Amino acid sequence: MRAGMGKYVVKRFFLMFPTLIGVAALIFFLMRVVPGDIVELRFAGESSFASKEQLAQERARFGLDRPLWRQFADWMWGLARLDFGRSMWTGAPITEEIKLRFALSLQLSIMATIVAVLLAIPLGVVAALRQDTWVDYVVRVFSIAGIATPSFWLGIVMILAMLIVFKWLPPMVYTPFWVNPWQNLLQLIWPALAVGYRYSAVATRMTRSAMLEVLREDYIRTARAKGLVQKLILSRHALKNAMLPVLTVVGIEFAFLMGGLVVTEQVFNLNGLGLLFVQAVAHRDYTLTQALVLLVAAVFVLVNFLMDLMYAWLDPRIRYR
Amino acid sequence: MAINAPIDAMADAADEVRGGWWAAILAFARRRSLGAFGALIVVVMLVVAVVAPFIAPYDPVAVDFSAMLARPSTQHWLGTDAFGRDVLSRLIFGSQTALLVGFGSALLGATMGAVLGVGSAYFGGKIDLYTQRLMDIFLSFPLIILALAIVAILGNKLPNLIMAITIPMIPRCALVIRSSALAIREMPYVDAARAAGFGHARIILRHMLPNVMAPYLIMVTAFLGQAILLEASLSFLGLGVQEPTASWGLMLRGAAVDFAETAPWMAIFPGLAISAAVFAFNLFGDSLRDALDPKLRTL
């Protein structure tokens, strides 16, 4: 900890809130600019006939008959107390729905990140060291293929391969990690691999280009000139300095993992936040959709905050004000 | 390749001046064989999509209950699905959906993003600041989450689907274009146009937009692959293109998973088609980026 850091942390912390409020306002009003209103749309979407009274009743149930600013103020006040309101589809409190599924999605995200980092860093470093050789080309094609392959298809192919080759299927019922770690990992490792491979692609490319950049720095030449062995140059000088941009990419991708979970949880039949989001959209459950969108944005803003702190801490060249 | 890129790009540009478009294309193919390979797949896909009604052996929506889940054979080269529909024909027609949504949303998204980015850079000051803040908010969502949220609002008719994929792309393009446009704003010819008394719209559209062509083209190619992938993902989730329209993502939904063991062809070929298409667009886009603007980083 250096002088002034504490002040920076506090300032950066409070900078998160304008963005979050902006996100909340944007989602809230986007959901309400639709021609007609969400209650009508919901009933029209279910193609059932609803009388005027039914519509009015439904509107009153979700407080949609009140003025817009009141609705927004209520929603914000609820958010401040971590109360997202009730789901229009199940009627249950959204906070409960999220709490139920949070652990699974978080564990999956962490596992996918580990897979991605374990793939990306060695591959990226090797590709940079062997630039423009066949090793480099293989790694690059492998990583472009990772971006091109839909993770849900990769999941389907994995399940298919296990079925046909090993006549075995991963357990389909979710077991929490603390109940039976082995069973839990056996189930979650496959979606983690499917998401992690895709996720590693961008990180691999970043590692490669960051390494290429660092390897051309003067201090690497100095280290070589003074006769340091290659291994030490790599681990102590190059890798350490190339890791900052890689860390950024890994962080952003982690924040965006929800995008990958949305499709992968469907394939592996995992009842996580991604599946919840898809169900919310399919049922035109506006309250749940807006809560989950906000949650995704909140994760992104929080990860950004943590990364900025880490940067300030790791890179002494960064001056914080 | 990365290190030589600026030199290559200069050489490419020089070739272009000397021999026109055709020579530029040939030079691109020679220098960037991977990119040219990608472009080739793209061209084949485009041709297939255009002549789909003539080359598809069957009607893609024709149900044939006498040939349900048929293995690949001489009659059905890639087998049939749970409704007896020919997988190859559905793949061929699926390319129409993929390309329509892909080109539609990539062009729309990049164009709107470009106008917004150039406008934001041109006006500067408060307008620029507020536009950037708004873009930042949009950028805090993964593509698919925003697209799904828009589907939830608009519904999933095809034009709405294209819109849902377009909107998340706009801020990503605006960000890149704005940084290029900031430099162009300071160019003497923009000052000259202003001195000549041209309106804002004319300066933005006629003088500035043409000069951000390179990043614009790069964004379009980068978006094409993403848009196709996004359409496939949304359709796979049942929130994109609806049955019985042929779409690669939709083909992977439901029965493809249920019958994966007995009829794996249903699950394998559409996925290969998606991967090949996105792979091709990405290869081409990457090479185009290296050739046009090696400093630009797009993820």
# chains A, B, ... in the order shown; residues from 1 in each chain; ligands from 1
$ interface_residues --of "chain A" --to "chain B" --cutoff "6 Å" --atoms "only C-alpha atoms" --output "short mmCIF file (atom, residue, chain, number, x, y, z; two decimals) with N, CA and C atoms, in the first residue's frame"
data_model
loop_
_atom_site.label_atom_id
_atom_site.label_comp_id
_atom_site.auth_asym_id
_atom_site.auth_seq_id
_atom_site.Cartn_x
_atom_site.Cartn_y
_atom_site.Cartn_z
N VAL A 23 -27.35 2.41 -15.75
CA VAL A 23 -27.77 1.12 -16.29
C VAL A 23 -29.21 0.81 -15.86
N ALA A 148 -15.00 -19.29 -33.01
CA ALA A 148 -16.00 -19.62 -34.01
C ALA A 148 -16.95 -20.73 -33.56
N THR A 149 -16.49 -21.60 -32.66
CA THR A 149 -17.33 -22.73 -32.27
C THR A 149 -18.34 -22.31 -31.22
N TRP A 153 -22.85 -25.93 -28.99
CA TRP A 153 -22.60 -27.08 -29.88
C TRP A 153 -21.46 -27.94 -29.32
N PHE A 256 -18.17 -11.08 -18.37
CA PHE A 256 -19.10 -11.38 -19.47
C PHE A 256 -19.46 -12.85 -19.55
N GLY A 259 -22.87 -14.40 -20.50
CA GLY A 259 -23.26 -14.60 -21.89
C GLY A 259 -23.04 -16.04 -22.33
N VAL A 281 -36.85 -14.50 -20.36
CA VAL A 281 -37.12 -13.90 -21.67
C VAL A 281 -38.24 -14.67 -22.37
N ARG A 284 -41.52 -13.81 -21.10
CA ARG A 284 -41.73 -12.36 -21.11
C ARG A 284 -41.94 -11.87 -19.69
N ALA A 297 -24.81 -6.35 -15.37
CA ALA A 297 -24.09 -5.08 -15.44
C ALA A 297 -23.36 -4.80 -14.13
#
$ residues_around --residues "Leu46 in chain B" --least-positions-apart "4" --cutoff "12 Å" --atoms "only C-alpha atoms" --output "tab-separated table (two decimals) with N, CA and C atoms, in the first residue's frame"
chain	number	residue	atom	x	y	z
B	39	ALA	N	-12.15	-15.93	-47.09
B	39	ALA	CA	-12.98	-15.23	-48.08
B	39	ALA	C	-13.59	-16.23	-49.05
B	40	LEU	N	-12.83	-17.26	-49.41
B	40	LEU	CA	-13.33	-18.27	-50.34
B	40	LEU	C	-14.56	-18.97	-49.76
B	41	ILE	N	-14.46	-19.36	-48.48
B	41	ILE	CA	-15.61	-20.02	-47.84
B	41	ILE	C	-16.81	-19.08	-47.84
B	42	VAL	N	-16.56	-17.80	-47.54
B	42	VAL	CA	-17.64	-16.82	-47.52
B	42	VAL	C	-18.32	-16.76	-48.89
B	50	VAL	N	-27.70	-18.04	-52.42
B	50	VAL	CA	-28.44	-17.45	-53.54
B	50	VAL	C	-29.13	-18.54	-54.38
B	51	VAL	N	-28.40	-19.63	-54.64
B	51	VAL	CA	-28.98	-20.65	-55.52
B	51	VAL	C	-29.63	-21.78	-54.73
B	52	ALA	N	-29.89	-21.54	-53.43
B	52	ALA	CA	-30.43	-22.59	-52.56
B	52	ALA	C	-31.62	-23.34	-53.17
B	92	ILE	N	-28.68	-25.99	-46.33
B	92	ILE	CA	-28.53	-25.08	-47.48
B	92	ILE	C	-29.43	-23.86	-47.30
B	93	PHE	N	-30.69	-24.10	-46.92
B	93	PHE	CA	-31.58	-22.97	-46.71
B	93	PHE	C	-31.23	-22.19	-45.45
B	94	GLY	N	-30.66	-22.90	-44.48
B	94	GLY	CA	-30.23	-22.22	-43.25
B	94	GLY	C	-29.19	-21.15	-43.53
B	95	SER	N	-28.38	-21.36	-44.59
B	95	SER	CA	-27.36	-20.36	-44.91
B	95	SER	C	-28.02	-19.04	-45.29
B	96	GLN	N	-29.23	-19.12	-45.88
B	96	GLN	CA	-29.94	-17.87	-46.20
B	96	GLN	C	-30.25	-17.09	-44.93
B	97	THR	N	-30.80	-17.81	-43.94
B	97	THR	CA	-31.14	-17.15	-42.68
B	97	THR	C	-29.89	-16.55	-42.05
B	98	ALA	N	-28.83	-17.37	-41.97
B	98	ALA	CA	-27.61	-16.92	-41.31
B	98	ALA	C	-27.05	-15.68	-41.99
B	99	LEU	N	-26.99	-15.71	-43.32
B	99	LEU	CA	-26.39	-14.58	-44.03
B	99	LEU	C	-27.29	-13.35	-43.99
B	100	LEU	N	-28.59	-13.58	-44.08
B	100	LEU	CA	-29.52	-12.44	-44.02
B	100	LEU	C	-29.37	-11.73	-42.68
B	102	GLY	N	-26.90	-12.11	-40.54
B	102	GLY	CA	-25.51	-11.69	-40.39
B	102	GLY	C	-25.23	-10.37	-41.08
B	103	PHE	N	-25.50	-10.32	-42.39
B	103	PHE	CA	-25.22	-9.09	-43.14
B	103	PHE	C	-26.14	-7.97	-42.69
B	277	ALA	N	-18.77	-21.17	-40.91
B	277	ALA	CA	-19.14	-19.82	-41.34
B	277	ALA	C	-18.44	-18.77	-40.48
B	281	PHE	N	-15.48	-16.06	-41.62
B	281	PHE	CA	-15.61	-14.61	-41.48
B	281	PHE	C	-14.50	-14.05	-40.58
$ residues_around --residues "Val212 in chain B" --least-positions-apart "2" --cutoff "10 Å" --atoms "only C-alpha atoms" --output "PyMOL selection string"
chain B and resi 114+118+176-181+184+207-210+214-217
$ write_last_selection --atoms "N, CA and C atoms" --output "compact mmCIF listing (two decimals), in the first residue's frame"
# COMPACT_ATOMS: atom_id res chain seq x y z
N ALA B 114 -21.03 3.89 -36.86
CA ALA B 114 -20.10 4.81 -37.52
C ALA B 114 -20.65 6.23 -37.49
N VAL B 118 -18.73 9.09 -35.51
CA VAL B 118 -18.22 10.28 -36.21
C VAL B 118 -18.93 11.53 -35.69
N VAL B 176 -14.86 2.46 -31.64
CA VAL B 176 -13.69 2.34 -32.52
C VAL B 176 -13.67 3.47 -33.54
N ILE B 177 -14.82 3.73 -34.15
CA ILE B 177 -14.88 4.76 -35.20
C ILE B 177 -14.60 6.13 -34.61
N ARG B 178 -15.09 6.38 -33.40
CA ARG B 178 -14.90 7.68 -32.80
C ARG B 178 -13.41 8.00 -32.67
N SER B 179 -12.62 7.00 -32.25
CA SER B 179 -11.20 7.27 -32.04
C SER B 179 -10.51 7.59 -33.37
N SER B 180 -10.97 6.97 -34.47
CA SER B 180 -10.40 7.33 -35.77
C SER B 180 -10.87 8.72 -36.19
N ALA B 181 -12.14 8.99 -35.90
CA ALA B 181 -12.73 10.25 -36.36
C ALA B 181 -12.14 11.45 -35.63
N ILE B 184 -9.46 12.73 -37.65
CA ILE B 184 -9.91 13.31 -38.91
C ILE B 184 -10.51 14.70 -38.70
N HIS B 207 -17.73 14.24 -45.76
CA HIS B 207 -16.29 14.49 -45.60
C HIS B 207 -15.62 13.58 -44.58
N MET B 208 -16.34 13.27 -43.51
CA MET B 208 -15.70 12.48 -42.47
C MET B 208 -15.95 10.98 -42.62
N LEU B 209 -17.20 10.60 -42.86
CA LEU B 209 -17.52 9.16 -42.95
C LEU B 209 -16.65 8.40 -43.96
N PRO B 210 -16.48 8.95 -45.19
CA PRO B 210 -15.68 8.18 -46.15
C PRO B 210 -14.26 7.93 -45.66
N ALA B 214 -11.77 2.38 -43.47
CA ALA B 214 -10.97 1.22 -43.05
C ALA B 214 -11.49 0.61 -41.75
N PRO B 215 -11.58 1.39 -40.66
CA PRO B 215 -12.13 0.78 -39.44
C PRO B 215 -13.57 0.31 -39.63
N TYR B 216 -14.33 1.00 -40.49
CA TYR B 216 -15.70 0.60 -40.73
C TYR B 216 -15.76 -0.81 -41.33
N LEU B 217 -14.96 -1.02 -42.37
CA LEU B 217 -14.95 -2.33 -43.02
C LEU B 217 -14.49 -3.41 -42.03
$ residues_around --residues "Ala238 in chain A" --least-positions-apart "6" --cutoff "8 Å" --atoms "only C-alpha atoms" --output "number ranges by chain"
A: 211, 214-215, 220
$ write_last_selection --atoms "N, CA and C atoms" --output "PDB file, in the first residue's frame"
ATOM      1  N   MET A 211       3.092 -10.870 -25.095  1.00  0.00           N
ATOM      2  CA  MET A 211       4.428 -11.456 -24.997  1.00  0.00           C
ATOM      3  C   MET A 211       5.314 -10.937 -26.122  1.00  0.00           C
ATOM      4  N   VAL A 214       6.437  -7.462 -25.223  1.00  0.00           N
ATOM      5  CA  VAL A 214       7.389  -7.408 -24.119  1.00  0.00           C
ATOM      6  C   VAL A 214       8.752  -7.956 -24.536  1.00  0.00           C
ATOM      7  N   LEU A 215       8.729  -9.021 -25.350  1.00  0.00           N
ATOM      8  CA  LEU A 215      10.007  -9.645 -25.738  1.00  0.00           C
ATOM      9  C   LEU A 215      10.891  -8.703 -26.549  1.00  0.00           C
ATOM     10  N   ILE A 220      14.557  -6.793 -21.767  1.00  0.00           N
ATOM     11  CA  ILE A 220      14.725  -8.209 -22.103  1.00  0.00           C
ATOM     12  C   ILE A 220      16.085  -8.391 -22.785  1.00  0.00           C
TER      13      ILE A 220
END
$ select_by_dssp --residues "range 22-118 of chain B" --states "alpha helix (DSSP H)" --output "PyMOL selection string"
chain B and resi 22-31+33-50+52-55+87-118
$ closest_residue --among "B:Ala106, B:Met219, B:Ala56, B:Leu26" --to "Arg85 in chain B" --atoms "only C-alpha atoms"
B:Ala56
